[in-house]
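coords25.cif (mmCIF, C-alpha atoms and all ligand atoms)
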data_upload
#
loop_
_atom_site.label_atom_id
_atom_site.label_comp_id
_atom_site.auth_asym_id
_atom_site.auth_seq_id
_atom_site.Cartn_x
_atom_site.Cartn_y
_atom_site.Cartn_z
CA MET M 1 63.34 89.48 102.43
CA LYS M 2 60.23 91.44 103.43
CA LYS M 3 60.71 95.18 103.11
CA GLU M 4 60.51 96.97 106.45
CA THR M 5 58.05 99.82 106.89
CA PRO M 6 59.36 103.23 108.02
CA LYS M 7 57.79 102.58 111.42
CA GLU M 8 59.56 99.24 111.78
CA ILE M 9 62.89 100.81 110.80
CA ASN M 10 62.39 103.59 113.35
CA GLU M 11 61.51 101.08 116.06
CA LYS M 12 64.59 99.03 115.23
CA ASN M 13 66.82 102.11 115.33
CA LYS M 14 65.43 103.01 118.73
CA LYS M 15 66.03 99.50 120.08
CA ASN M 16 69.57 99.34 118.71
CA GLU M 17 70.36 102.54 120.47
CA SER M 18 70.10 101.07 123.94
CA PHE M 19 69.41 102.99 127.08
CA LEU M 20 72.99 102.36 128.17
CA ASP M 21 74.42 103.91 125.00
CA ARG M 22 72.25 106.98 125.47
CA THR M 23 73.51 107.46 129.02
CA LEU M 24 77.07 107.53 127.68
CA ARG M 25 76.34 110.49 125.40
CA PRO M 26 77.85 113.83 126.42
CA ASN M 27 75.34 116.21 127.96
CA CYS M 28 77.17 119.47 127.33
CA TRP M 29 79.92 120.85 125.10
CA ASN M 30 82.50 120.50 127.88
CA GLU M 31 81.90 116.77 127.96
CA TYR M 32 82.25 116.42 124.19
CA ILE M 33 85.82 115.32 123.51
CA GLY M 34 87.69 115.94 120.23
CA GLN M 35 86.46 117.22 116.83
CA GLU M 36 87.77 120.62 117.91
CA ASN M 37 87.42 122.27 114.52
CA THR M 38 83.78 121.25 114.03
CA LYS M 39 82.97 122.02 117.66
CA ASN M 40 84.49 125.52 117.55
CA ASN M 41 82.65 126.36 114.33
CA LEU M 42 79.36 125.11 115.75
CA LEU M 43 79.76 127.06 118.98
CA ILE M 44 80.16 130.34 117.06
CA LEU M 45 77.34 129.57 114.65
CA LEU M 46 74.90 128.65 117.42
CA LYS M 47 75.88 131.57 119.66
CA ALA M 48 75.49 134.05 116.79
CA ALA M 49 72.06 132.64 115.87
CA LYS M 50 71.00 132.83 119.53
CA GLU M 51 72.14 136.46 119.86
CA ARG M 52 70.17 137.37 116.74
CA GLN M 53 67.24 135.29 118.01
CA GLN M 54 67.26 133.39 114.74
CA GLN M 55 66.87 129.77 113.81
CA PRO M 56 70.30 128.06 113.40
CA GLU M 57 71.00 127.24 109.75
CA HIS M 58 70.92 123.71 108.28
CA LEU M 59 73.94 121.50 109.02
CA LEU M 60 75.43 118.42 107.43
CA PHE M 61 77.82 116.07 109.24
CA TYR M 62 79.73 113.40 107.37
CA GLY M 63 82.42 110.85 108.09
CA PRO M 64 82.86 107.18 109.01
CA ALA M 65 80.24 105.46 111.20
CA GLY M 66 80.41 105.82 114.97
CA LEU M 67 82.30 109.12 115.15
CA GLY M 68 79.43 110.95 116.86
CA LYS M 69 77.27 112.57 114.17
CA THR M 70 74.04 111.72 115.99
CA THR M 71 75.66 112.62 119.30
CA LEU M 72 76.39 116.11 117.94
CA ALA M 73 72.79 116.55 116.80
CA TYR M 74 71.51 115.59 120.28
CA LEU M 75 74.01 117.92 121.87
CA ILE M 76 72.93 120.84 119.68
CA SER M 77 69.33 120.11 120.64
CA LYS M 78 70.22 120.04 124.35
CA GLU M 79 72.42 123.12 124.32
CA THR M 80 69.97 125.21 122.30
CA GLY M 81 66.93 123.93 124.22
CA ARG M 82 65.25 122.88 120.98
CA GLN M 83 63.18 119.77 120.46
CA ILE M 84 64.73 117.18 118.15
CA LYS M 85 62.82 114.80 115.87
CA ILE M 86 64.85 111.87 114.62
CA THR M 87 64.44 109.97 111.38
CA SER M 88 66.58 108.42 108.66
CA GLY M 89 66.83 108.30 104.87
CA PRO M 90 65.57 104.72 104.50
CA ALA M 91 62.65 105.37 106.90
CA ILE M 92 61.27 108.09 104.62
CA GLU M 93 59.72 105.98 101.87
CA LYS M 94 57.20 108.30 100.30
CA VAL M 95 56.92 112.03 99.63
CA GLY M 96 54.01 111.96 102.09
CA ASP M 97 56.27 110.63 104.90
CA LEU M 98 58.54 113.66 104.62
CA ALA M 99 55.64 116.08 104.15
CA SER M 100 54.05 114.76 107.33
CA LEU M 101 57.33 115.03 109.27
CA LEU M 102 57.82 118.63 108.13
CA THR M 103 54.26 119.80 108.75
CA ASN M 104 54.28 118.27 112.23
CA LEU M 105 57.34 120.23 113.36
CA SER M 106 56.87 122.90 116.01
CA PRO M 107 58.50 126.29 115.46
CA GLY M 108 62.22 126.12 116.30
CA ASP M 109 62.50 122.31 116.13
CA ILE M 110 65.49 120.38 114.85
CA LEU M 111 64.83 117.65 112.31
CA PHE M 112 67.62 115.06 112.24
CA ILE M 113 67.88 112.84 109.17
CA ASP M 114 70.47 110.10 109.53
CA GLU M 115 71.84 108.33 106.44
CA ILE M 116 70.52 111.11 104.23
CA HIS M 117 72.34 109.59 101.21
CA ARG M 118 69.66 106.88 101.22
CA LEU M 119 66.85 109.36 100.66
CA ASN M 120 64.99 108.84 97.41
CA LYS M 121 65.74 111.46 94.71
CA ASN M 122 62.08 112.50 94.23
CA ILE M 123 61.69 112.91 98.00
CA GLU M 124 64.94 114.89 98.13
CA GLU M 125 63.37 117.49 95.86
CA ILE M 126 60.70 118.25 98.47
CA LEU M 127 63.51 119.20 100.81
CA TYR M 128 64.90 121.95 98.55
CA PRO M 129 62.11 124.55 98.99
CA ALA M 130 61.65 123.43 102.60
CA MET M 131 65.29 124.17 103.41
CA GLU M 132 65.58 127.30 101.30
CA ALA M 133 62.27 129.08 101.67
CA GLY M 134 60.60 127.22 104.51
CA SER M 135 57.79 126.11 102.25
CA LEU M 136 56.38 122.81 101.17
CA ASP M 137 55.25 122.47 97.55
CA ILE M 138 52.49 119.93 97.25
CA ILE M 139 51.25 118.77 93.84
CA LEU M 140 47.56 117.98 93.80
CA GLY M 141 46.15 115.82 91.00
CA LYS M 142 47.89 114.46 87.92
CA GLY M 143 48.46 115.48 84.30
CA PRO M 144 47.24 118.80 82.85
CA SER M 145 44.87 119.46 85.74
CA ALA M 146 47.61 119.09 88.38
CA ARG M 147 48.24 122.16 90.49
CA THR M 148 50.75 123.06 93.17
CA ILE M 149 49.87 124.45 96.55
CA GLN M 150 52.43 125.95 98.87
CA LEU M 151 52.35 125.35 102.61
CA GLU M 152 54.38 127.55 104.88
CA LEU M 153 56.45 125.54 107.36
CA PRO M 154 57.43 126.57 110.88
CA PRO M 155 61.09 127.66 111.14
CA PHE M 156 63.27 124.57 111.65
CA THR M 157 66.88 123.43 111.45
CA LEU M 158 67.68 120.36 109.42
CA ILE M 159 70.67 118.41 110.70
CA ALA M 160 71.65 115.58 108.40
CA ALA M 161 74.31 112.91 108.70
CA THR M 162 75.93 110.63 106.17
CA THR M 163 78.78 108.19 105.88
CA ARG M 164 78.78 108.68 102.07
CA VAL M 165 78.86 112.39 101.28
CA ALA M 166 79.88 111.75 97.65
CA LEU M 167 76.47 110.17 97.05
CA LEU M 168 74.65 113.44 97.87
CA SER M 169 73.64 115.54 94.90
CA SER M 170 75.33 118.93 94.77
CA PRO M 171 71.98 120.83 94.92
CA LEU M 172 71.25 119.08 98.22
CA ARG M 173 74.75 119.63 99.60
CA SER M 174 74.67 123.32 98.77
CA ARG M 175 71.49 123.84 100.76
CA PHE M 176 73.21 123.15 104.08
CA SER M 177 73.70 126.87 104.56
CA GLY M 178 75.18 126.51 108.07
CA GLY M 179 77.99 124.31 106.77
CA VAL M 180 79.13 120.85 105.82
CA PHE M 181 81.35 119.38 108.54
CA ARG M 182 83.67 116.41 108.20
CA LEU M 183 84.14 114.42 111.38
CA GLU M 184 87.65 113.05 111.80
CA PHE M 185 88.92 109.88 113.40
CA TYR M 186 89.84 110.46 117.06
CA SER M 187 93.36 110.17 118.46
CA ASP M 188 94.15 107.39 120.96
CA GLU M 189 94.43 110.03 123.71
CA GLU M 190 90.96 111.41 122.91
CA ILE M 191 89.47 107.92 122.86
CA LYS M 192 91.18 107.21 126.17
CA GLU M 193 89.45 110.24 127.70
CA ILE M 194 86.07 109.10 126.29
CA ILE M 195 86.64 105.63 127.81
CA LYS M 196 87.54 107.11 131.21
CA ARG M 197 84.38 109.23 131.16
CA SER M 198 82.22 106.24 130.14
CA ALA M 199 83.84 104.08 132.84
CA ARG M 200 82.90 106.69 135.46
CA ILE M 201 79.28 106.66 134.24
CA LEU M 202 79.20 102.84 134.20
CA LYS M 203 80.82 102.84 137.66
CA VAL M 204 83.74 100.60 136.63
CA GLU M 205 87.18 101.19 137.97
CA THR M 206 89.96 101.61 135.41
CA ASP M 207 93.37 103.23 135.24
CA ASP M 208 95.00 105.27 132.47
CA GLU M 209 97.01 102.33 131.16
CA THR M 210 93.93 100.09 130.80
CA ALA M 211 91.87 102.83 129.18
CA LEU M 212 94.69 103.43 126.69
CA GLU M 213 94.89 99.70 125.92
CA ILE M 214 91.19 99.67 125.00
CA ALA M 215 91.62 102.95 123.10
CA LYS M 216 94.37 101.52 120.89
CA ARG M 217 92.00 98.84 119.63
CA SER M 218 88.94 101.05 119.20
CA ARG M 219 89.28 101.92 115.49
CA PHE M 220 89.73 105.61 116.51
CA THR M 221 85.94 105.51 117.05
CA PRO M 222 83.97 106.33 120.24
CA ARG M 223 81.17 103.84 119.44
CA THR M 224 83.68 100.98 119.22
CA ALA M 225 85.47 102.23 122.36
CA ASN M 226 82.25 102.19 124.39
CA PHE M 227 81.33 98.77 123.00
CA LEU M 228 84.72 97.31 123.97
CA LEU M 229 84.57 98.92 127.41
CA LYS M 230 81.16 97.31 128.06
CA ARG M 231 82.44 93.88 126.92
CA CYS M 232 85.57 94.20 129.11
CA ARG M 233 83.38 95.16 132.04
CA ASP M 234 81.23 92.04 131.49
CA PHE M 235 84.33 89.86 131.30
CA ALA M 236 85.78 91.34 134.48
CA GLN M 237 82.48 90.94 136.33
CA VAL M 238 81.84 87.32 135.28
CA ASN M 239 85.41 86.29 136.08
CA LYS M 240 85.46 88.35 139.27
CA ASN M 241 88.57 90.16 138.03
CA LYS M 242 89.62 93.77 137.98
CA LEU M 243 89.30 95.64 134.69
CA ASP M 244 93.02 95.74 133.95
CA LYS M 245 95.24 95.22 130.91
CA THR M 246 95.09 91.42 131.25
CA THR M 247 91.28 91.51 131.25
CA VAL M 248 91.34 93.74 128.17
CA ASN M 249 93.63 91.33 126.31
CA GLN M 250 91.53 88.31 127.27
CA THR M 251 88.25 90.01 126.31
CA LEU M 252 89.56 91.21 122.98
CA SER M 253 91.02 87.87 122.06
CA LEU M 254 87.63 86.31 122.86
CA LEU M 255 86.02 88.86 120.53
CA GLY M 256 88.55 88.03 117.79
CA ILE M 257 90.06 91.51 117.79
CA ASP M 258 93.81 91.69 117.30
CA GLU M 259 96.41 94.07 118.78
CA LEU M 260 95.79 96.68 116.05
CA GLY M 261 92.04 96.51 116.63
CA LEU M 262 91.38 94.52 113.44
CA SER M 263 88.26 92.36 113.45
CA GLN M 264 88.22 88.91 111.89
CA LEU M 265 86.53 90.42 108.82
CA ASP M 266 89.29 93.04 108.44
CA THR M 267 91.93 90.31 108.62
CA GLN M 268 90.06 88.07 106.17
CA LEU M 269 89.75 90.98 103.74
CA LEU M 270 93.50 91.59 103.77
CA LYS M 271 94.24 87.85 103.53
CA ILE M 272 92.00 87.48 100.48
CA ILE M 273 93.75 90.33 98.69
CA ILE M 274 97.18 88.97 99.59
CA GLU M 275 96.66 85.26 99.19
CA LYS M 276 94.17 85.11 96.32
CA PHE M 277 95.12 88.22 94.35
CA ASN M 278 98.84 88.57 95.03
CA GLY M 279 98.28 91.70 97.13
CA GLY M 280 96.03 93.40 94.56
CA PRO M 281 94.90 95.65 93.07
CA VAL M 282 91.56 93.88 92.95
CA GLY M 283 88.04 95.25 92.47
CA LEU M 284 85.76 95.85 95.44
CA ASN M 285 83.00 93.68 93.92
CA THR M 286 85.41 90.72 93.73
CA ILE M 287 86.46 91.22 97.37
CA ALA M 288 82.82 91.48 98.46
CA ALA M 289 81.92 88.27 96.61
CA ALA M 290 84.91 86.41 98.10
CA LEU M 291 83.95 87.56 101.61
CA SER M 292 80.17 87.12 101.10
CA GLU M 293 79.73 90.64 102.43
CA GLU M 294 77.92 93.72 101.15
CA GLN M 295 80.10 96.17 99.25
CA ALA M 296 78.63 99.03 101.30
CA THR M 297 79.67 97.37 104.58
CA ILE M 298 83.21 96.90 103.33
CA GLU M 299 83.35 100.51 102.10
CA GLU M 300 81.81 102.06 105.19
CA VAL M 301 83.07 99.85 108.02
CA ASN M 302 86.27 98.04 107.07
CA GLU M 303 88.05 100.19 104.52
CA PRO M 304 88.18 103.54 106.35
CA TYR M 305 90.00 101.96 109.28
CA LEU M 306 92.35 99.82 107.17
CA ILE M 307 93.22 102.86 105.03
CA GLN M 308 93.75 105.00 108.13
CA LEU M 309 96.17 102.39 109.49
CA GLY M 310 98.02 102.30 106.17
CA LEU M 311 97.22 98.62 105.56
CA LEU M 312 95.08 99.13 102.46
CA GLU M 313 95.20 101.43 99.44
CA ARG M 314 92.46 102.47 97.06
CA THR M 315 93.94 102.68 93.57
CA PRO M 316 92.22 103.40 90.23
CA ARG M 317 92.53 99.67 89.46
CA GLY M 318 91.12 98.45 92.76
CA ARG M 319 92.17 97.75 96.33
CA ALA M 320 95.73 96.78 97.23
CA ALA M 321 97.32 95.52 100.45
CA THR M 322 100.36 97.55 101.53
CA GLU M 323 103.75 96.24 102.63
CA LYS M 324 102.65 97.02 106.20
CA ALA M 325 99.66 94.67 105.75
CA PHE M 326 101.94 91.82 104.64
CA LYS M 327 104.15 92.46 107.68
CA HIS M 328 101.20 92.56 110.06
CA LEU M 329 100.01 89.18 108.80
CA ASN M 330 103.54 87.75 108.83
CA ILE M 331 103.55 87.16 105.09
CA GLN M 332 106.66 87.78 102.97
CA TYR M 333 106.27 90.89 100.79
CA PRO M 334 106.88 89.81 97.15
CA GLU M 335 110.22 91.02 95.75
CA ASP M 336 108.66 92.08 92.43
CA LYS M 337 106.31 94.50 94.26
CA LYS M 338 109.26 96.28 95.86
CA LEU M 339 110.25 97.65 92.43
CA PHE M 340 107.18 99.86 92.27
N1 LIG E 401 80.61 109.73 122.98
C1 LIG E 401 80.58 109.68 121.65
N2 LIG E 401 81.32 110.67 121.13
C2 LIG E 401 81.85 111.34 122.18
C3 LIG E 401 82.71 112.46 122.28
N3 LIG E 401 83.19 113.07 121.21
N4 LIG E 401 83.03 112.88 123.51
C4 LIG E 401 82.55 112.25 124.58
N5 LIG E 401 81.76 111.20 124.55
C5 LIG E 401 81.40 110.74 123.36
#
I'd like the structure from this file rewritten - as C-alpha cells, please.
Amino acid sequence: MKKETPKEINEKNKKNESFLDRTLRPNCWNEYIGQENTKNNLLILLKAAKERQQQPEHLLFYGPAGLGKTTLAYLISKETGRQIKITSGPAIEKVGDLASLLTNLSPGDILFIDEIHRLNKNIEEILYPAMEAGSLDIILGKGPSARTIQLELPPFTLIAATTRVALLSSPLRSRFSGGVFRLEFYSDEEIKEIIKRSARILKVETDDETALEIAKRSRFTPRTANFLLKRCRDFAQVNKNKLDKTTVNQTLSLLGIDELGLSQLDTQLLKIIIEKFNGGPVGLNTIAAALSEEQATIEEVNEPYLIQLGLLERTPRGRAATEKAFKHLNIQYPEDKKLF
C-alpha cells in the first residue's frame, strides 16, 4: 500500500472528524461530563497558570480510544482563549516536519499531538529541549564539520494523547511537567447524560429510558454513544418512528451489536478463544491471525472493553475467556476449568 504523506493523513483526520461530531463537542467545562478527577486537576492547573500569567505546562492524556482526549485539548484551548494546532504522531514523518510546526507557533499556542506513541524516536528527541527549555536544536551539516544551532521557540503548551502510554519512553513521559492524566471509562449514567445533551443539539426527541438503553451498549465511550445515537436517529427518521427503546433495539440489531454492546468482532474474538483454543490462554498474535485483524486494533479497540466487562483476561500466557464469556455466548463452561 502507498504510504500516505503527512498532509494526506491530516486531511483524512479532518474529514473523519465530521462537522456533526465537532458540533457535539462540549464548549465549556460545565458541559463536559465525567472524568471528574482529571477535570478538577486541570481546572486548578489552568487557573493557577492564568493568575501567574504563565504558559500552562505540558500535558499528556492517555486511555482507550474515544474517551475524549482530543475533546479535552479543544476545551482547554477554548477556555484559555489559546489557539490550538492539531497534528498526530504518524503525520510527523521527518525532523523537519516537527521543526516547522514548532517554529510556526505563535506565542501562547497549544500544540496537540495525537497518537504520540507513533512518533519516531529520532523526532522525539527534538521534542525534549523544546519542551524543557523552549529551544530547538538544529544540526547543520554532517560528520566532523556538523554544528548545532539553537533556535528559541515562542512559549507553547504541548498537549499529547495516546492510547498506548506504555510505548512512550520514560524521558518523554517525564517531560509532561503539568501531569500525565489517565482517562477512565464513563459510567452508564454519565454516558446517558452525554446522549441527552447530544440529542438536544441534534434536535431529536428522546426520554431517559431510551438514552439509558443506548448508553448501556456504548462501550462506556462517548464516541460510540454519539455514533449509536446518530444511527438510531437515522433509523427513526427513515421508518417514521419515534426514537424509543424499540427503535434502539432494531437499530442495534441491524448494526450487529448485542445487548452488552459487543460488536460482531468482539463476539468472534471470544468465540475463537472458546471454540478453537478451549477458552485459552492463547497468544494475541494467534488470535489476530485467526481473526485476520491487526494486533493493535484488537489491543486498542476490542480488549479494553471486553476486559472491563470481565469477559476476557490477560494472563502471562496469553488471553483467556472468562466463565462470564462462556455464559454470555451460551456455551457450557468446561468442568476442568472450574478447578482453577
Ligand atoms: N463528548 C465527548 N466527551 C464528552 C464529555 N465528557 N462530556 C460531554 N460531551 C462529550
Q: Could you report the residues within 6 Å of ligand LIG 401 (chain E), using all atoms listed in the file, as a list in words?
A: Arg25, Pro26, Glu31, Tyr32, Ile33, Gly34, Gly68, Ile194 and Pro222 of chain M
**Q.** Neighbour list for segment 105-113 of chain M as a PyMOL selection string, cut-off 6 Å, all atoms listed in the file, skip fewer than 6 positions in-chain
**A.** chain M and resi 82-88+154-160
Q.
One number please: atom CA of Cys28 of chain M to atom CA of Thr206 of chain M, in Å, one decimal.
A.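 Going from atom CA of Cys28 of chain M over to atom CA of Thr206 of chain M covers 23.4 Å.
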Q: Considering only C-alpha atoms, return as a PyMOL selection string whatever protein or nucleic-acid residues lie within 12 Å of Ala290 of chain M, sequence-local ones (same chain, fewer than 4 positions apart) excluded.
A: chain M and resi 265+268-273+275-277+282-286+294-295+298
**Q.** Two-atom distance - atom CA of Asn226 of chain M, atom CA of Asn241 of chain M (Å)
**A.** 19.3 Å
Q | Exercise: Thr38 of chain M partners within 9 Å, all atoms listed in the file, chain neighbours under 2 positions left out, as a list of chain:residue names | A | M:Gln35, M:Glu36, M:Asn40, M:Asn41, M:Leu42, M:Leu43, M:Phe181, M:Arg182, M:Leu183
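Here the question is which of M:Gly96, M:Gly81, M:Leu75, M:Thr162 gets nearest to Phe61 of chain M using all atoms listed in the file, and that residue is M:Thr162.
For the atom pair formed by atom CA of Phe227 of chain M and atom CA of Arg118 of chain M, the distance is 26.0 Å, given to one decimal.
With distances restricted to only C-alpha atoms, M:Leu98 is the closest residue to Ile123 of chain M from M:Ile201, M:Ala65, M:Leu98, M:Ala321.
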Q: Pick out the closest residue to Gly63 of chain M from this set: M:Ala296, M:Val180, M:Ile126, M:Ile307. Count only C-alpha atoms.
A: M:Val180
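Distances here use all atoms listed in the file; by that measure, the residue among M:Asn27, M:Pro334, M:Val95, M:Ile195 closest to Lys78 of chain M is M:Asn27.
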Q.
Need to verify the contact set: Ile139 of chain M, 9 Å, all atoms listed in the file, exclusion of same-chain residues closer than 2 positions in sequence. Can you return it as number ranges by chain?
A. M: 137, 141-142, 146-150
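Look at Pro64 of chain M: the protein and nucleic acid residues within 7 Å of it, using only C-alpha atoms and passing over chain neighbours fewer than 4 places away, are Thr163, Glu300 and Pro304 of chain M.
Nearest to Arg197 of chain M of all the residues M:Leu329, M:Ala225, M:Leu102, M:Cys232 is M:Ala225, counting all atoms listed in the file.
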